[in-house]
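These notes concern the structure reproduced below.
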Amino acid sequence: MLGLGSTCSTAGLLVGLLLATRLGLGFDGGSAARARPRLVAVRVTPWPVTSPLRILRLAGKLAEWLRRLSGDRVFEMERAELARGLELDGRQLGRGYGHPTPSGLAAIERAGALAVALDTTYAAKSVAGLLARTGRAPACERLFWSTKSSAPLPDVSAAELAGAPRRMLRWLGPSPSDSSG
């Protein structure tokens with residue numbers, strides 16, 4: 001289970017899980033107990049950014065790049081085969097990217113008791129999706145994959161930002177010290 005924003009981590013994990021299965025590294029195509037795990041991606045960004053087609057296209061491009069780079073046919077992966085390992089969960093999106101949800105805030109509270117910090121944009125929504133499944137899904141092993149670094153971001157002064165491209169500054173929005181914003 002992971003947050004689905006730009007689709008990059010999801011596409012990479014899809015390729016990696018299929019490759020591990022093909023190589024017999026932890027999974028195999030036979031027994032249900034060792035079958036390739038299903039990757040559940042919880043949308044934190046709306047469709048069409050997180051459309052299955054976009055995810056599978058990116059995964060296919062990655063597999064093709066790895067095949068060309070290595071020359072190994074193990075990376076020949078059909079979209080349909082990649083798709084069988086993917087499930088999208090859109091129930092945690094709420095009002096959209098960057099907007100906290102009640103279930104995400106509840107997940108943050110529960111995780112805080114375990115001394116695990118969750119951000120409201122990705123991790124809280126993903127954990128909310130995980131918690132929603134624990135009561136309904138059959139018992140199985142689950143893994144929460146967080147793509148957010150635990151390293152704190154550095155403080156950046158207005159002077160340092162002054163040299164940034166204008167498009168980036170518009171994307172960042174008004175700075176906290178900007179009284180006009």
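By order in the structure tokens, chains are A, B, ...; within a chain, residues start at 1; ligands start at 1, following the order shown.
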Show me, as CSV, the residues of region 79-167 of chain A having an atom within 9 Å of region 18-24 of chain A, each with the closest atom pair and its distance in Å, using only C-alpha atoms.
residue,atom,partner,partner_atom,distance
A:Glu81,CA,A:Leu18,CA,8.4
A:Leu82,CA,A:Leu18,CA,7.1
A:Gly85,CA,A:Leu18,CA,7.9
Go ahead and write the selection's residues with C-alpha atoms as a short mmCIF file (atom, residue, chain, number, x, y, z; two decimals), in the first residue's frame.
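selection-v5.cif, written as the output of this step:
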data_model
loop_
_atom_site.label_atom_id
_atom_site.label_comp_id
_atom_site.auth_asym_id
_atom_site.auth_seq_id
_atom_site.Cartn_x
_atom_site.Cartn_y
_atom_site.Cartn_z
CA GLU A 81 0.68 -8.66 -16.94
CA LEU A 82 1.69 -5.50 -15.06
CA GLY A 85 -0.58 -6.67 -9.95
#
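Per DSSP on the backbone, strand (DSSP E or B) in chain A comprises A:Leu2, A:Gly3, A:Leu4, A:Leu39, A:Val40, A:Ala41, A:Val42, A:Arg43, A:Leu86, A:Glu87, A:Leu88, A:Asp89, A:Trp145.
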Query raised in the report: Taking the backbone alone, and naming residues the way the document does, which bits of region 13-107 of chain A are alpha helix (DSSP H) by DSSP, as a PyMOL selection string?
Result: chain A and resi 13-23+52-70+79-83+102-107
Requested in this report: Between A:Pro37, A:Gly5, A:Gly129, A:Pro152, single out the one closest to Ala117 (chain A), counting only C-alpha atoms.
Outcome: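 Ranked by minimum distance to Ala117 (chain A), first place goes to A:Pro152.
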Query raised in the report: Quick one, how far is CA of Glu76 (chain A) from CA of Lys61 (chain A)?
Result: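 It comes out at 10.4 Å.
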Requested in this report: Name all residues at most 10 Å from region 103-108 of chain A (count only C-alpha atoms; drop same-chain ones fewer than 4 positions away) and give them as a PyMOL selection string.
Outcome: chain A and resi 92-94+99+112-114+116-132
Would you mind exporting N, CA and C atoms of the selected residues as a compact mmCIF listing (two decimals), in the first residue's frame?
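The result, stored in again-v9.txt:
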# COMPACT_ATOMS: atom_id res chain seq x y z
N GLN A 92 -9.79 7.61 -0.54
CA GLN A 92 -9.14 8.46 0.46
C GLN A 92 -8.76 9.84 -0.09
N LEU A 93 -9.06 10.12 -1.33
CA LEU A 93 -8.64 11.36 -1.98
C LEU A 93 -9.25 12.60 -1.35
N GLY A 94 -10.49 12.51 -0.92
CA GLY A 94 -11.15 13.68 -0.34
C GLY A 94 -11.27 14.79 -1.37
N HIS A 99 -5.18 18.31 0.43
CA HIS A 99 -6.29 18.57 1.35
C HIS A 99 -6.40 17.40 2.34
N GLY A 112 0.60 8.31 15.57
CA GLY A 112 1.34 9.05 16.59
C GLY A 112 1.56 8.24 17.85
N ALA A 113 0.60 7.38 18.18
CA ALA A 113 0.74 6.51 19.35
C ALA A 113 1.88 5.51 19.15
N LEU A 114 2.25 5.27 17.90
CA LEU A 114 3.36 4.36 17.58
C LEU A 114 4.65 5.12 17.30
N VAL A 116 5.15 7.23 14.90
CA VAL A 116 5.36 7.29 13.45
C VAL A 116 4.72 8.58 12.95
N ALA A 117 5.50 9.41 12.28
CA ALA A 117 4.98 10.67 11.76
C ALA A 117 4.45 10.47 10.35
N LEU A 118 3.24 10.95 10.10
CA LEU A 118 2.62 10.87 8.79
C LEU A 118 2.31 12.27 8.29
N ASP A 119 2.56 12.53 7.01
CA ASP A 119 2.15 13.80 6.43
C ASP A 119 0.70 13.68 5.97
N THR A 120 0.00 14.81 5.87
CA THR A 120 -1.42 14.78 5.51
C THR A 120 -1.67 14.53 4.03
N THR A 121 -0.67 14.79 3.19
CA THR A 121 -0.88 14.69 1.75
C THR A 121 -0.76 13.26 1.23
N TYR A 122 0.26 12.53 1.62
CA TYR A 122 0.50 11.18 1.11
C TYR A 122 0.26 10.09 2.16
N ALA A 123 1.10 10.10 3.17
CA ALA A 123 1.14 8.98 4.11
C ALA A 123 -0.16 8.80 4.88
N ALA A 124 -0.76 9.89 5.35
CA ALA A 124 -2.00 9.75 6.13
C ALA A 124 -3.11 9.12 5.29
N LYS A 125 -3.23 9.53 4.05
CA LYS A 125 -4.27 8.96 3.19
C LYS A 125 -3.98 7.49 2.88
N SER A 126 -2.71 7.16 2.70
CA SER A 126 -2.33 5.76 2.43
C SER A 126 -2.63 4.89 3.64
N VAL A 127 -2.24 5.36 4.82
CA VAL A 127 -2.51 4.58 6.04
C VAL A 127 -4.00 4.48 6.29
N ALA A 128 -4.76 5.54 6.00
CA ALA A 128 -6.22 5.47 6.12
C ALA A 128 -6.77 4.37 5.21
N GLY A 129 -6.23 4.27 4.00
CA GLY A 129 -6.64 3.20 3.09
C GLY A 129 -6.29 1.83 3.64
N LEU A 130 -5.12 1.71 4.23
CA LEU A 130 -4.69 0.46 4.83
C LEU A 130 -5.61 0.08 5.99
N LEU A 131 -5.90 1.05 6.86
CA LEU A 131 -6.76 0.78 8.01
C LEU A 131 -8.17 0.41 7.57
N ALA A 132 -8.66 1.03 6.52
CA ALA A 132 -10.00 0.70 6.01
C ALA A 132 -10.07 -0.73 5.51
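Near Thr50 (chain A), within a cut-off of 8 Å and counting only C-alpha atoms, sit the residues Leu4, Gly5, Ser6, Thr7, Arg43, Thr45, Pro46, Trp47, Pro48, Pro52, Arg54 and Ile55 of chain A, with same-chain residues fewer than 2 positions away left out.
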Query raised in the report: Residues at most 9 Å from Gly12 (chain A), counting only C-alpha atoms, excluding those fewer than 3 positions away in the same chain, as a list in words?
Result: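 Once the adjacent positions are removed, what remains is Thr7, Cys8, Ser9, Val15, Gly16, Leu17, Leu58, Ala59, Leu62 and Ala63 of chain A.
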Query raised in the report: Taking only C-alpha atoms into account, which of A:Arg67, A:Met1, A:Gly96, A:Gly90 comes nearest Glu141 (chain A)?
Result: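 The answer is A:Met1, which sits nearest to Glu141 (chain A).
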Query - Counting only C-alpha atoms, the option among A:Val49, A:Met168, A:Ala11, A:Leu86 closest to Arg36 (chain A) - result: A:Leu86
Query raised in the report: What gap, in Å, lies between CA of Leu25 (chain A) and CA of Arg79 (chain A)?
Result: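 For CA of Leu25 (chain A) relative to CA of Arg79 (chain A), the distance reads 21.3 Å.
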